[in-house]
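Okay, structure first, notes after.
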Amino acid sequence: MSENILSIKNLNISFETQKGFFSAVKDISFEVRRNSITGIVGESGCGKSLTSLSVIGLLPENAVTEGRIKFMDEEILPYNEKVMRKIRGKEISMIFQEPMTALNPLWKVGRQIDENLKLHTVSDKKERFSRVLEIMNDVGLPDVVNLYHKYPHELSGGMRQRIVIAVAIACRPKLIIADEPTTALDVTIQAQILELLKEIKIRSGSSIIFISHDLGVVREICDEVCVMYSGYIVEKANTAAIFEKQYHPYTLGLIRSIPTVESKGKTLYVINGKVPSIYDDIPGCPFASRCEYAEKKCEVHLPELREISGNHYVRCAKAGEITWNRR
Amino acid sequence: MKKKRISLRIGVIIISSIMAMMLISFFYTPYSVTEMNKRERFSPPNSSHLLGTDNFGRDILSRLMKGSQTAFFVGGVAVSIGLIFGIAIGATAGYFGGVLDEFIMRIMDSMMAFPGILFALMFVSIFGVGIKNTIIAIGIMSIPSFARITRSGYMQHKEFEYVKNARVKGISTFRIIFAHILPNVMSPIIVAASMGFSSAVLSEAALSYLGLGVQPPDPSWGRMLNESQVYISMAPWYAIAPGIMITLIVLGFNFLGDGIRDMQDKGK
């Protein structure tokens with residue numbers, strides 16, 4: 001057994017539409033180690049959710065996938081629906097962004113957790129019931145016997161998100177994909193949920209792919225970070241390293257735009273321009289048009305993802321040449 | 001607040017009284033429905049025959065009561081046929097979408113475009129006159145509208161995250177469609193079923209009036225209307241009684257459907 005639970009190599013996801021062929025995720029490679037949390041950061045539409053859906057085999061039907069995805073030393077590409085259905089929910093599960101809509105409004109919450117167990121592991125009804133209560137306890141829900149018989153609309157947002165997490169961890173999956181699990185929650189609940197995720201990692205030894213656009217949250221929870229932009233991974237390193245020194249101007253921009261105590265009263269830093277559309281065909285670096293440091297060559301040649309220092313990868317032609325102005 | 005539930009109340013009252021009448025008719029009718037009495041032909045409503053008698057001297061009240069069985073039976077079975085096939089077809093089209101959806105819905109459109117009564121007439125003249133074929137014909141006629149409503153519900157709900165969540169759990173598509181989504185899209189279907197019930201009863205009455213539905217001597221309201229029209233000037237009560245019953249049951253189910261819809265809207 002290798003130390004990586006998931007390894008993605010040169011993954012490309014494109015869409016065949018009536019307007020033509022569009023590439024949404026380009027040449028992505030990363031690994032998720034056992035019992036670690038890997039963060040994927042990027043703005044809306046940069047391909048982070050697609051990447052996670054490709055791991056679980058639930059891409060839209062018109063998506064074309066190339067590359068290799070290896071989960072627990074087994075290739076899952078090309079997808080085999082039968083195999084994937086056994087993996088889904090049991091080995092890989094997912095936590096969604098919106099706890100308000102991620103639960104079936106007409107099913108009691110206990111039954112929603114129960115269904116997962118019924119499908120994949122335990123068949124005895126009584127045993128399942130006690131397991132469900134146990135799991136609900138594990139995610140920090142109070143008064144679980146009572147709660148088992150409640151409908152989603154009777155619970156608060158934080159409690160619902162805990163139920164969603166309970167559903168996800170019910171079968172003790174090896175890998176949990178958390179797609180912006182805290183975005184829809186208020187800040188105190190957000191902190192609690194992050195704590196819970198960390199706890200789950202430690203307790204059950206699962207790995208987590210944590211998708212977010214909030215660098216502050218990522219710093220809090222992740223062991224490793226991939227920064228995505230316009231379908232590419234632009235920077236990849238462990239969390240400490242990436243917050244210590246950013247080589248890619250996009251990552252730097254993201255970090256500079258976090259409000260801090262010192263920046264109080266000053267205008268917040270923004271990255272100018274907007275994300276190139278999926279329909280644009282850019283030969284060079286996708287960030288060049290917004291980059292303060294871009295040169296002619298940036299617009300023509302797409303830089304390779306290269307290792308700039310120990311395990312710190314960056315996709316920028318000028319990385320290392322310039323020392324970025326820090327505050 | 002309570003005033004607004006008035007259509008639900010009217011609907012429930014009308015339908016439950018007709019249902020009560022039907023239930024009673026299983027055990028008791030004032031006279032036998034087929035018993036003829038030559039001396040009492042066309043007797044107007046009086047104390048022994050509350051609604052009078054018909055051309056064979058049969059008690060109209062008794063026949064009306066038995067006729068409600070036919071109405072409910074035809075309505076119930078026809079709506080069930082429509083529901084089962086309509087939901088299956090609509091769910092498939094709505095959930096899977098794409099070319100399959102186009103294909104199915106164009107067939108449904110062409111079925112809708114075809115006049116219902118004409119279809120029933122054709123169906124009955126090919127497969128034979130009788131209550132069974134009438135029911136099947138009415139049922140088939142009602143499939144497209146149920147399919148349409150179900151489809152629109154599925155198109156909306158398949159994008160919801162709870163469905164994605166279910167797929168992520170590794171649940172089979174069949175189970176997602178019927179165990180997860182169906183209960184969530186049921187409310188407009190229930191309203192449509194109630195309305196469908198009234199139109200099924202109306203169609204049965206129309207077909208029986210044309211002599212293609214229920215066959216004598218079984219009582220049916222449409223059939224009774226048909227038989228009475230010859231004597232309308234000498235025995236108007238014969239035509240009025242079944243006419244009122246048909247009106248009432250159709251109104252009742254429409255009110256009921258409206259009422260349920262209002263209730264659901266308020267719930268949201």
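How things are named: the first chain in the structure tokens is A, the next is B, and so on; residues count from 1 in each chain; ligands count from 1 in the order shown.
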Once you count only C-alpha atoms, what closest atom pair and distance in Å to one decimal does each residue of chain B within 8 Å of chain A have, with rows by chain and rising residue number, as JSON lines?
{"residue": "B:Phe160", "atom": "CA", "partner": "A:Thr101", "partner_atom": "CA", "distance": 6.7}
{"residue": "B:Glu161", "atom": "CA", "partner": "A:Ala102", "partner_atom": "CA", "distance": 4.6}
{"residue": "B:Tyr162", "atom": "CA", "partner": "A:Ala102", "partner_atom": "CA", "distance": 4.1}
{"residue": "B:Val163", "atom": "CA", "partner": "A:Ala102", "partner_atom": "CA", "distance": 7.7}
{"residue": "B:Lys164", "atom": "CA", "partner": "A:Ala102", "partner_atom": "CA", "distance": 7.8}
{"residue": "B:Asn165", "atom": "CA", "partner": "A:Ala102", "partner_atom": "CA", "distance": 6.2}
{"residue": "B:Arg167", "atom": "CA", "partner": "A:Arg88", "partner_atom": "CA", "distance": 8.0}
{"residue": "B:Val168", "atom": "CA", "partner": "A:Arg88", "partner_atom": "CA", "distance": 5.6}
{"residue": "B:Lys169", "atom": "CA", "partner": "A:Gly89", "partner_atom": "CA", "distance": 3.9}
{"residue": "B:Gly170", "atom": "CA", "partner": "A:Arg85", "partner_atom": "CA", "distance": 4.5}
{"residue": "B:Ile171", "atom": "CA", "partner": "A:Arg85", "partner_atom": "CA", "distance": 7.2}
{"residue": "B:Ser172", "atom": "CA", "partner": "A:Arg85", "partner_atom": "CA", "distance": 7.9}
{"residue": "B:His180", "atom": "CA", "partner": "A:Asn104", "partner_atom": "CA", "distance": 7.1}
{"residue": "B:Pro183", "atom": "CA", "partner": "A:Leu106", "partner_atom": "CA", "distance": 7.1}
{"residue": "B:Asn184", "atom": "CA", "partner": "A:Leu106", "partner_atom": "CA", "distance": 6.8}
Quick one: which segment 122-214 of chain B residues come within 8 Å of segment 225-232 of chain B, and what is the nearest atom pair for each with the distance in Å to one decimal, counting only C-alpha atoms, rows ordered by chain and ascending number, as a tab-separated table?
residue	atom	partner	partner_atom	distance
B:Ser208	CA	B:Asn226	CA	7.6
B:Tyr209	CA	B:Asn226	CA	4.7
B:Leu210	CA	B:Asn226	CA	7.1
B:Gly211	CA	B:Asn226	CA	7.6
Identify, on the basis of only C-alpha atoms, every residue whose closest approach to segment 86-94 of chain B does not exceed 10 Å; exclude the query and any residue fewer than 3 positions from it along the same chain; express the result as a PyMOL selection string. chain B and resi 79-83+97-105+108+139-140+142-158+174+177-178+181-182+185-186+189
Could you pull out the residues in segment 47-224 of chain A that DSSP calls strand (DSSP E or B) from the backbone, as a PyMOL selection string? chain A and resi 63-71+74-75+88+92-95+175-179+207-212+224
Selected residues written out with N, CA, C and O atoms, as an mmCIF file, in the first residue's frame:
data_model
loop_
_atom_site.group_PDB
_atom_site.id
_atom_site.type_symbol
_atom_site.label_atom_id
_atom_site.label_comp_id
_atom_site.auth_asym_id
_atom_site.auth_seq_id
_atom_site.Cartn_x
_atom_site.Cartn_y
_atom_site.Cartn_z
ATOM 1 N N ALA A 63 -19.192 15.386 -20.198
ATOM 2 C CA ALA A 63 -17.793 15.633 -19.849
ATOM 3 C C ALA A 63 -16.902 14.523 -20.397
ATOM 4 O O ALA A 63 -17.270 13.358 -20.403
ATOM 5 N N VAL A 64 -15.742 14.933 -20.869
ATOM 6 C CA VAL A 64 -14.757 13.961 -21.353
ATOM 7 C C VAL A 64 -13.543 14.023 -20.423
ATOM 8 O O VAL A 64 -12.997 15.093 -20.190
ATOM 9 N N THR A 65 -13.174 12.882 -19.877
ATOM 10 C CA THR A 65 -12.078 12.872 -18.914
ATOM 11 C C THR A 65 -10.881 12.129 -19.491
ATOM 12 O O THR A 65 -11.029 11.075 -20.095
ATOM 13 N N GLU A 66 -9.708 12.722 -19.301
ATOM 14 C CA GLU A 66 -8.477 12.037 -19.670
ATOM 15 C C GLU A 66 -7.519 12.095 -18.496
ATOM 16 O O GLU A 66 -7.611 12.991 -17.670
ATOM 17 N N GLY A 67 -6.598 11.181 -18.467
ATOM 18 C CA GLY A 67 -5.621 11.184 -17.393
ATOM 19 C C GLY A 67 -5.798 9.963 -16.514
ATOM 20 O O GLY A 67 -6.431 8.985 -16.911
ATOM 21 N N ARG A 68 -5.207 10.021 -15.336
ATOM 22 C CA ARG A 68 -5.287 8.871 -14.454
ATOM 23 C C ARG A 68 -5.746 9.305 -13.075
ATOM 24 O O ARG A 68 -5.284 10.300 -12.530
ATOM 25 N N ILE A 69 -6.683 8.554 -12.527
ATOM 26 C CA ILE A 69 -7.081 8.771 -11.145
ATOM 27 C C ILE A 69 -6.913 7.425 -10.445
ATOM 28 O O ILE A 69 -7.476 6.419 -10.864
ATOM 29 N N LYS A 70 -6.104 7.428 -9.427
ATOM 30 C CA LYS A 70 -5.839 6.183 -8.730
ATOM 31 C C LYS A 70 -6.337 6.334 -7.303
ATOM 32 O O LYS A 70 -5.904 7.228 -6.573
ATOM 33 N N PHE A 71 -7.274 5.468 -6.941
ATOM 34 C CA PHE A 71 -7.791 5.516 -5.584
ATOM 35 C C PHE A 71 -7.451 4.205 -4.898
ATOM 36 O O PHE A 71 -7.809 3.139 -5.379
ATOM 37 N N GLU A 74 -5.971 1.605 -7.070
ATOM 38 C CA GLU A 74 -6.753 1.086 -8.189
ATOM 39 C C GLU A 74 -7.123 2.217 -9.121
ATOM 40 O O GLU A 74 -7.544 3.279 -8.673
ATOM 41 N N GLU A 75 -6.952 1.954 -10.407
ATOM 42 C CA GLU A 75 -7.333 2.953 -11.389
ATOM 43 C C GLU A 75 -8.850 3.019 -11.462
ATOM 44 O O GLU A 75 -9.512 1.983 -11.600
ATOM 45 N N ARG A 88 -18.739 4.785 -3.992
ATOM 46 C CA ARG A 88 -19.468 5.969 -3.527
ATOM 47 C C ARG A 88 -20.187 5.690 -2.215
ATOM 48 O O ARG A 88 -20.880 4.705 -2.074
ATOM 49 N N ILE A 92 -15.564 6.616 -0.660
ATOM 50 C CA ILE A 92 -15.438 8.061 -0.848
ATOM 51 C C ILE A 92 -16.801 8.676 -0.586
ATOM 52 O O ILE A 92 -17.810 8.178 -1.078
ATOM 53 N N SER A 93 -16.845 9.703 0.204
ATOM 54 C CA SER A 93 -18.136 10.362 0.362
ATOM 55 C C SER A 93 -17.933 11.856 0.247
ATOM 56 O O SER A 93 -16.812 12.344 0.140
ATOM 57 N N MET A 94 -19.029 12.556 0.272
ATOM 58 C CA MET A 94 -18.947 13.970 -0.050
ATOM 59 C C MET A 94 -19.820 14.789 0.891
ATOM 60 O O MET A 94 -20.900 14.357 1.274
ATOM 61 N N ILE A 95 -19.312 15.947 1.251
ATOM 62 C CA ILE A 95 -20.094 16.874 2.075
ATOM 63 C C ILE A 95 -20.388 18.088 1.220
ATOM 64 O O ILE A 95 -19.490 18.658 0.614
ATOM 65 N N LEU A 175 -11.932 8.418 2.123
ATOM 66 C CA LEU A 175 -11.732 9.765 1.606
ATOM 67 C C LEU A 175 -13.045 10.531 1.670
ATOM 68 O O LEU A 175 -14.091 10.037 1.263
ATOM 69 N N ILE A 176 -12.974 11.725 2.218
ATOM 70 C CA ILE A 176 -14.159 12.576 2.277
ATOM 71 C C ILE A 176 -13.880 13.821 1.465
ATOM 72 O O ILE A 176 -12.842 14.462 1.635
ATOM 73 N N ILE A 177 -14.777 14.134 0.550
ATOM 74 C CA ILE A 177 -14.614 15.359 -0.217
ATOM 75 C C ILE A 177 -15.561 16.389 0.374
ATOM 76 O O ILE A 177 -16.768 16.187 0.405
ATOM 77 N N ALA A 178 -15.004 17.463 0.880
ATOM 78 C CA ALA A 178 -15.838 18.497 1.481
ATOM 79 C C ALA A 178 -15.855 19.694 0.553
ATOM 80 O O ALA A 178 -14.861 20.387 0.406
ATOM 81 N N ASP A 179 -16.977 19.896 -0.132
ATOM 82 C CA ASP A 179 -17.078 20.971 -1.117
ATOM 83 C C ASP A 179 -17.633 22.221 -0.437
ATOM 84 O O ASP A 179 -18.828 22.358 -0.268
ATOM 85 N N SER A 207 -8.942 10.601 4.981
ATOM 86 C CA SER A 207 -8.336 11.762 4.350
ATOM 87 C C SER A 207 -9.465 12.663 3.884
ATOM 88 O O SER A 207 -10.564 12.198 3.609
ATOM 89 N N ILE A 208 -9.162 13.931 3.790
ATOM 90 C CA ILE A 208 -10.202 14.864 3.376
ATOM 91 C C ILE A 208 -9.667 15.747 2.261
ATOM 92 O O ILE A 208 -8.530 16.212 2.311
ATOM 93 N N ILE A 209 -10.476 15.909 1.222
ATOM 94 C CA ILE A 209 -10.180 16.949 0.233
ATOM 95 C C ILE A 209 -11.082 18.111 0.594
ATOM 96 O O ILE A 209 -12.302 17.974 0.617
ATOM 97 N N PHE A 210 -10.475 19.223 0.906
ATOM 98 C CA PHE A 210 -11.240 20.351 1.396
ATOM 99 C C PHE A 210 -11.250 21.447 0.345
ATOM 100 O O PHE A 210 -10.226 22.038 0.036
ATOM 101 N N ILE A 211 -12.416 21.673 -0.224
ATOM 102 C CA ILE A 211 -12.514 22.666 -1.288
ATOM 103 C C ILE A 211 -13.027 23.962 -0.703
ATOM 104 O O ILE A 211 -14.001 23.970 0.039
ATOM 105 N N SER A 212 -12.364 25.055 -1.040
ATOM 106 C CA SER A 212 -12.771 26.319 -0.436
ATOM 107 C C SER A 212 -12.281 27.479 -1.269
ATOM 108 O O SER A 212 -11.411 27.327 -2.123
ATOM 109 N N GLU A 224 -2.047 20.257 3.185
ATOM 110 C CA GLU A 224 -1.472 20.642 1.912
ATOM 111 C C GLU A 224 -2.462 21.485 1.127
ATOM 112 O O GLU A 224 -3.669 21.357 1.318
#
